[in-house]
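S.K.: Quick one: the structure is below, and I'll ask about it shortly.
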Amino acid sequence: METVTLANGVKMSILGFGVYQVNDLEECERVVSEAIEVGYRSIDTAQAYGNEAAVGNAISKSGIPREEFFITTKVWISNAGYEKAKASIDESLELLQTDYLDLLLIHQPFNDYYGTYRAMEEYYKAGKIKAIGVSNFYPDRFIDIAEFSEIKPMVNQVETHVFNQQVEAQKIMQEYNTQIESWGPFAEGKNDFFNNEILKEIGDKYGKSVAQVALRYLIQRNVVVIPKTVTKERMIQNFDVFDFALTDEDMDAILTLNQGESLFFSHYDPDLVKTLTKRSK
């Protein structure tokens, strides 16, 4: 598995497995177990997903040493602030059945995320978290926390796919030696993603699917990807993206798909922000 090296030297798989919206705990445990069988070792969850326990069960039952896994979770808005964040981190560690997290992110840039980040820095220094970062931080908020925190975020997980490629945001992250990570690499099928003619034409050249081309594009841009699926066949397909490379011409063609805006939500929408901040995990 190809890896990226974070600012502190920690290595992270460039391809992982996400469990967003896998709400049924029995199903989540099954799909994570199957992902592990396929070869995935980086698993991304969150307090807000409500499935940390299922992820912990699957990893524990796999029989594979803990150190071979890279476990990511995220602190939700309702757990923000120094003391509440610490309590929530302890709960996540218990649910995930582990003594440490490989990566912990602030899920959204709302509530007292500075207090949350101070708690994360404390756990990082104590060795209970190997790397810390943020998620869904737009460039303005990202620069703010990067400039005024003791330990700069090592990762920023943001919506990144062919229709919203985060080109400028990635440049800003690079200035701070922060790794960009994609959620929603398939845009959840929006814009008729899986029938996109440019992606299909490129895929036909290599005998690859639209999904594989999309993942390969992000990987070649040094974007960490965590595709989610509940189907083992697709887990295998998503994992099989390291035996071909896109040409500069391919990359330029896919760049033309970039619309430069979210297909899901905007933090500049007051109603959306109200909804997020009122939601408990």
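Residues are named by chain letter and number: chains run A, B, ... in the order of the structure tokens, numbers start at 1 in each chain, and ligands are numbered from 1 in the order shown.
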Which residues are close to region 189-206 of chain A, i.e. within 9 Å by only C-alpha atoms, leaving aside same-chain residues fewer than 4 positions away? Reply as a count of residues only.
M.R.: 15
S.K.: DSSP on the backbone, alpha helix (DSSP H) only: what residues of region 65-248 of chain A does that give? Format it as a PyMOL selection string.
M.R.: chain A and resi 82-95+113-125+139-147+167-175+197-206+210-220+232-239+248
S.K.: Rounded to one decimal, what separation in Å do you get between CA of Thr160 (chain A) and CA of Pro185 (chain A)?
M.R.: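 Spanning CA of Thr160 (chain A) to CA of Pro185 (chain A) is a straight-line distance of 5.8 Å.
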S.K.: Restrict the calculation to only C-alpha atoms, then for each residue of region 170-207 of chain A with any atom at most 6 Å from an atom of region 146-159 of chain A give the closest atom pair and their distance in Å to one decimal, rows by chain and rising residue number, as JSON lines.
M.R.:
```
{"residue": "A:Thr178", "atom": "CA", "partner": "A:Met154", "partner_atom": "CA", "distance": 4.7}
{"residue": "A:Gln179", "atom": "CA", "partner": "A:Val155", "partner_atom": "CA", "distance": 4.6}
{"residue": "A:Ile180", "atom": "CA", "partner": "A:Asn156", "partner_atom": "CA", "distance": 5.2}
{"residue": "A:Glu181", "atom": "CA", "partner": "A:Gln157", "partner_atom": "CA", "distance": 4.4}
{"residue": "A:Ser182", "atom": "CA", "partner": "A:Val158", "partner_atom": "CA", "distance": 5.4}
{"residue": "A:Trp183", "atom": "CA", "partner": "A:Glu159", "partner_atom": "CA", "distance": 4.9}
{"residue": "A:Gly184", "atom": "CA", "partner": "A:Glu159", "partner_atom": "CA", "distance": 5.9}
```
S.K.: List the spatial neighbours of Glu52 (chain A) as a JSON list (two decimals) with N, CA and C atoms, in the first residue's frame - criterion: any atom at most 7 Å away, only C-alpha atoms, same-chain residues fewer than 6 positions off excluded.
M.R.:
```
[["chain", "number", "residue", "atom", "x", "y", "z"],
["A", 45, "THR", "N", -13.72, 6.58, 10.83],
["A", 45, "THR", "CA", -15.04, 6.67, 11.43],
["A", 45, "THR", "C", -15.17, 8.03, 12.11],
["A", 46, "ALA", "N", -16.21, 8.20, 12.93],
["A", 46, "ALA", "CA", -16.41, 9.47, 13.64],
["A", 46, "ALA", "C", -17.43, 9.25, 14.75],
["A", 92, "SER", "N", -14.32, 7.44, 22.83],
["A", 92, "SER", "CA", -13.98, 6.88, 21.52],
["A", 92, "SER", "C", -12.93, 5.79, 21.66],
["A", 95, "LEU", "N", -14.75, 2.71, 22.93],
["A", 95, "LEU", "CA", -15.60, 2.10, 21.90],
["A", 95, "LEU", "C", -14.77, 1.41, 20.83],
["A", 96, "LEU", "N", -13.66, 2.00, 20.47],
["A", 96, "LEU", "CA", -12.79, 1.44, 19.43],
["A", 96, "LEU", "C", -11.85, 0.36, 19.97]]
```
S.K.: Might you pull out every residue within 10 Å of Asn222 (chain A), with only C-alpha atoms counted and same-chain residues fewer than 3 positions away left off, and present them as a PyMOL selection string?
M.R.: chain A and resi 3-4+14+170+179-181+216-219+225
S.K.: Please write the residues from the selection above to a file, keeping N, CA and C atoms, as a CSV table (one decimal), in the first residue's frame.
M.R.:
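Resulting contents of selection.csv:
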```
chain,number,residue,atom,x,y,z
A,3,THR,N,1.8,5.0,0.8
A,3,THR,CA,1.6,5.9,2.0
A,3,THR,C,2.0,7.3,1.7
A,4,VAL,N,1.5,8.2,2.6
A,4,VAL,CA,1.9,9.6,2.6
A,4,VAL,C,2.6,9.7,4.0
A,14,ILE,N,-2.5,5.9,1.7
A,14,ILE,CA,-3.1,6.9,0.8
A,14,ILE,C,-4.5,6.5,0.4
A,170,GLN,N,-5.8,23.0,-1.5
A,170,GLN,CA,-4.7,22.1,-1.3
A,170,GLN,C,-3.4,22.8,-1.3
A,179,GLN,N,-1.6,17.5,5.2
A,179,GLN,CA,-2.1,16.6,4.2
A,179,GLN,C,-3.5,16.7,3.9
A,180,ILE,N,-3.9,16.9,2.7
A,180,ILE,CA,-5.3,16.9,2.3
A,180,ILE,C,-5.8,15.4,2.2
A,181,GLU,N,-7.1,15.2,2.7
A,181,GLU,CA,-7.7,13.9,2.7
A,181,GLU,C,-9.1,14.2,2.1
A,216,ARG,N,-7.8,7.0,-8.7
A,216,ARG,CA,-6.4,7.2,-9.2
A,216,ARG,C,-6.0,8.6,-9.4
A,217,TYR,N,-7.0,9.4,-9.9
A,217,TYR,CA,-6.7,10.8,-10.2
A,217,TYR,C,-6.4,11.5,-8.9
A,218,LEU,N,-7.1,11.3,-7.8
A,218,LEU,CA,-6.9,11.9,-6.5
A,218,LEU,C,-5.5,11.4,-6.0
A,219,ILE,N,-5.3,10.2,-6.0
A,219,ILE,CA,-4.1,9.6,-5.5
A,219,ILE,C,-2.9,10.2,-6.2
A,225,VAL,N,-7.5,9.1,0.1
A,225,VAL,CA,-8.9,8.8,-0.2
A,225,VAL,C,-9.5,7.7,0.7
```
S.K.: Give me every strand (DSSP E or B) residue in region 35-164 of chain A, going by DSSP on the backbone, as a tab-separated table (two decimals) with N, CA and C atoms, in the first residue's frame.
M.R.:
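Output file selection_26.tsv is given in full below:
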```
chain	number	residue	atom	x	y	z
A	42	SER	N	-6.48	1.09	6.90
A	42	SER	CA	-6.84	2.42	7.37
A	42	SER	C	-8.36	2.54	7.37
A	43	ILE	N	-8.93	2.74	8.56
A	43	ILE	CA	-10.39	2.80	8.72
A	43	ILE	C	-10.76	4.17	9.29
A	44	ASP	N	-11.72	4.84	8.64
A	44	ASP	CA	-12.14	6.17	9.04
A	44	ASP	C	-13.56	6.15	9.57
A	70	PHE	N	-4.56	1.73	10.95
A	70	PHE	CA	-4.53	3.19	11.09
A	70	PHE	C	-5.97	3.61	11.31
A	71	ILE	N	-6.31	3.95	12.56
A	71	ILE	CA	-7.69	4.26	12.92
A	71	ILE	C	-7.87	5.77	13.07
A	72	THR	N	-8.86	6.28	12.36
A	72	THR	CA	-9.21	7.69	12.43
A	72	THR	C	-10.61	7.85	12.99
A	73	THR	N	-10.78	8.80	13.90
A	73	THR	CA	-12.13	9.20	14.30
A	73	THR	C	-12.13	10.72	14.46
A	74	LYS	N	-13.32	11.27	14.75
A	74	LYS	CA	-13.49	12.72	14.74
A	74	LYS	C	-14.35	13.16	15.92
A	75	VAL	N	-14.00	14.31	16.50
A	75	VAL	CA	-14.76	14.88	17.61
A	75	VAL	C	-15.90	15.72	17.05
A	101	LEU	N	-5.22	6.40	19.25
A	101	LEU	CA	-5.77	6.67	17.92
A	101	LEU	C	-4.62	7.05	17.00
A	103	LEU	N	-5.18	8.83	14.19
A	103	LEU	CA	-5.50	10.19	13.75
A	103	LEU	C	-6.82	10.61	14.37
A	104	LEU	N	-6.82	11.81	14.94
A	104	LEU	CA	-8.05	12.38	15.47
A	104	LEU	C	-8.26	13.74	14.82
A	105	LEU	N	-9.48	13.97	14.34
A	105	LEU	CA	-9.81	15.21	13.65
A	105	LEU	C	-10.95	15.93	14.37
A	106	ILE	N	-10.97	17.27	14.28
A	106	ILE	CA	-12.16	18.03	14.65
A	106	ILE	C	-13.10	17.94	13.46
A	129	ILE	N	-2.64	9.85	20.95
A	129	ILE	CA	-3.02	10.14	19.56
A	129	ILE	C	-1.72	10.31	18.79
A	132	ILE	N	-2.87	14.59	14.71
A	132	ILE	CA	-4.09	15.37	14.91
A	132	ILE	C	-4.35	16.27	13.72
A	133	GLY	N	-5.61	16.63	13.53
A	133	GLY	CA	-5.94	17.48	12.41
A	133	GLY	C	-7.38	17.95	12.47
A	134	VAL	N	-7.90	18.35	11.34
A	134	VAL	CA	-9.24	18.93	11.26
A	134	VAL	C	-9.98	18.34	10.06
A	135	SER	N	-11.26	18.64	10.00
A	135	SER	CA	-12.10	18.17	8.90
A	135	SER	C	-13.10	19.28	8.56
A	155	VAL	N	-3.57	16.97	9.11
A	155	VAL	CA	-4.50	16.52	8.07
A	155	VAL	C	-5.69	17.48	8.06
A	156	ASN	N	-6.23	17.74	6.88
A	156	ASN	CA	-7.53	18.40	6.75
A	156	ASN	C	-8.36	17.57	5.79
A	157	GLN	N	-9.41	16.95	6.33
A	157	GLN	CA	-10.29	16.09	5.52
A	157	GLN	C	-11.44	16.93	5.00
A	158	VAL	N	-11.52	17.07	3.68
A	158	VAL	CA	-12.53	17.93	3.07
A	158	VAL	C	-13.17	17.22	1.87
A	159	GLU	N	-14.35	17.68	1.51
A	159	GLU	CA	-15.02	17.17	0.31
A	159	GLU	C	-14.10	17.36	-0.90
A	161	HIS	N	-13.48	15.66	-4.84
A	161	HIS	CA	-13.80	14.72	-5.91
A	161	HIS	C	-13.62	15.47	-7.23
A	164	ASN	N	-15.28	18.86	-7.42
A	164	ASN	CA	-14.82	19.85	-6.42
A	164	ASN	C	-13.43	19.44	-5.98
```
S.K.: Need to verify the contact set: Cys28 (chain A), 10 Å, only C-alpha atoms, exclusion of same-chain residues closer than 6 positions in sequence. Can you return it as a list in words?
M.R.: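 My list of contacting residues is Val19, Tyr20, Gln21, Val22, Glu34, Asn51, Glu52, Ala53, Ala54, Val55, Asn57, Ala58 and Val230 of chain A.
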S.K.: Residues within 8 Å of Tyr113 (chain A), please, as a CSV table (one decimal) with N, CA and C atoms, in the first residue's frame. Count only C-alpha atoms; anything in the same chain fewer than 4 positions from it doesn't count.
M.R.:
```csv
chain,number,residue,atom,x,y,z
A,77,ILE,N,-19.3,18.3,17.1
A,77,ILE,CA,-19.5,19.7,17.6
A,77,ILE,C,-20.0,19.7,19.0
A,80,ALA,N,-17.4,19.6,21.7
A,80,ALA,CA,-16.4,20.6,21.6
A,80,ALA,C,-16.1,21.3,23.0
A,81,GLY,N,-14.9,21.8,23.1
A,81,GLY,CA,-14.4,22.4,24.3
A,81,GLY,C,-13.4,21.5,25.0
A,106,ILE,N,-11.0,17.3,14.3
A,106,ILE,CA,-12.2,18.0,14.6
A,106,ILE,C,-13.1,17.9,13.5
A,109,PRO,N,-15.8,23.0,12.0
A,109,PRO,CA,-15.3,24.2,12.6
A,109,PRO,C,-16.3,25.0,13.4
A,117,TYR,N,-9.1,21.5,20.3
A,117,TYR,CA,-7.8,21.3,19.7
A,117,TYR,C,-6.7,21.2,20.8
```
S.K.: CA of Tyr100 (chain A) to CA of Ala131 (chain A): how many Å, to one decimal?
M.R.: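 CA of Ala131 (chain A) lies at a distance of 10.3 Å from CA of Tyr100 (chain A).
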S.K.: Pick out the residues sitting within 12 Å of Arg41 (chain A), and hand them over as a ChimeraX atom specification; count only C-alpha atoms, and ignore anything fewer than 3 positions along from it in its own chain.
M.R.: /A:1-3,12-18,32-38,44,55,58-59,62,64-72,102,226,239
S.K.: Selected residues, C-alpha atoms, written as a CSV table (one decimal), in the first residue's frame, please.
M.R.:
```csv
chain,number,residue,atom,x,y,z
A,1,MET,CA,0.0,0.0,0.0
A,2,GLU,CA,1.3,3.4,-0.9
A,3,THR,CA,1.6,5.9,2.0
A,12,MET,CA,-0.7,7.0,6.5
A,13,SER,CA,-2.1,4.9,3.8
A,14,ILE,CA,-3.1,6.9,0.8
A,15,LEU,CA,-6.2,4.6,0.4
A,16,GLY,CA,-8.4,3.8,3.3
A,17,PHE,CA,-12.0,2.7,4.0
A,18,GLY,CA,-14.8,5.0,5.2
A,32,VAL,CA,-15.3,-3.4,8.1
A,33,SER,CA,-14.5,-7.1,8.5
A,34,GLU,CA,-14.8,-7.6,4.8
A,35,ALA,CA,-12.7,-4.5,4.1
A,36,ILE,CA,-10.0,-5.9,6.3
A,37,GLU,CA,-10.1,-9.2,4.5
A,38,VAL,CA,-9.6,-7.3,1.2
A,44,ASP,CA,-12.1,6.2,9.0
A,55,VAL,CA,-15.4,-0.6,13.9
A,58,ALA,CA,-14.3,-5.7,13.6
A,59,ILE,CA,-10.7,-4.7,14.2
A,62,SER,CA,-9.7,-9.7,12.9
A,64,ILE,CA,-4.4,-8.7,13.1
A,65,PRO,CA,-2.1,-6.8,15.4
A,66,ARG,CA,-3.3,-3.3,16.4
A,67,GLU,CA,-0.2,-1.6,15.1
A,68,GLU,CA,-1.0,-2.7,11.5
A,69,PHE,CA,-4.1,-0.5,11.5
A,70,PHE,CA,-4.5,3.2,11.1
A,71,ILE,CA,-7.7,4.3,12.9
A,72,THR,CA,-9.2,7.7,12.4
A,102,ASP,CA,-3.7,7.0,14.8
A,226,ILE,CA,-11.4,6.9,2.0
A,239,PHE,CA,-8.5,-1.3,-3.7
```
S.K.: Work out how far apart CA of Gly56 (chain A) and CA of Tyr124 (chain A) are and give it in Å to one decimal.
M.R.: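 It comes out at 20.4 Å.
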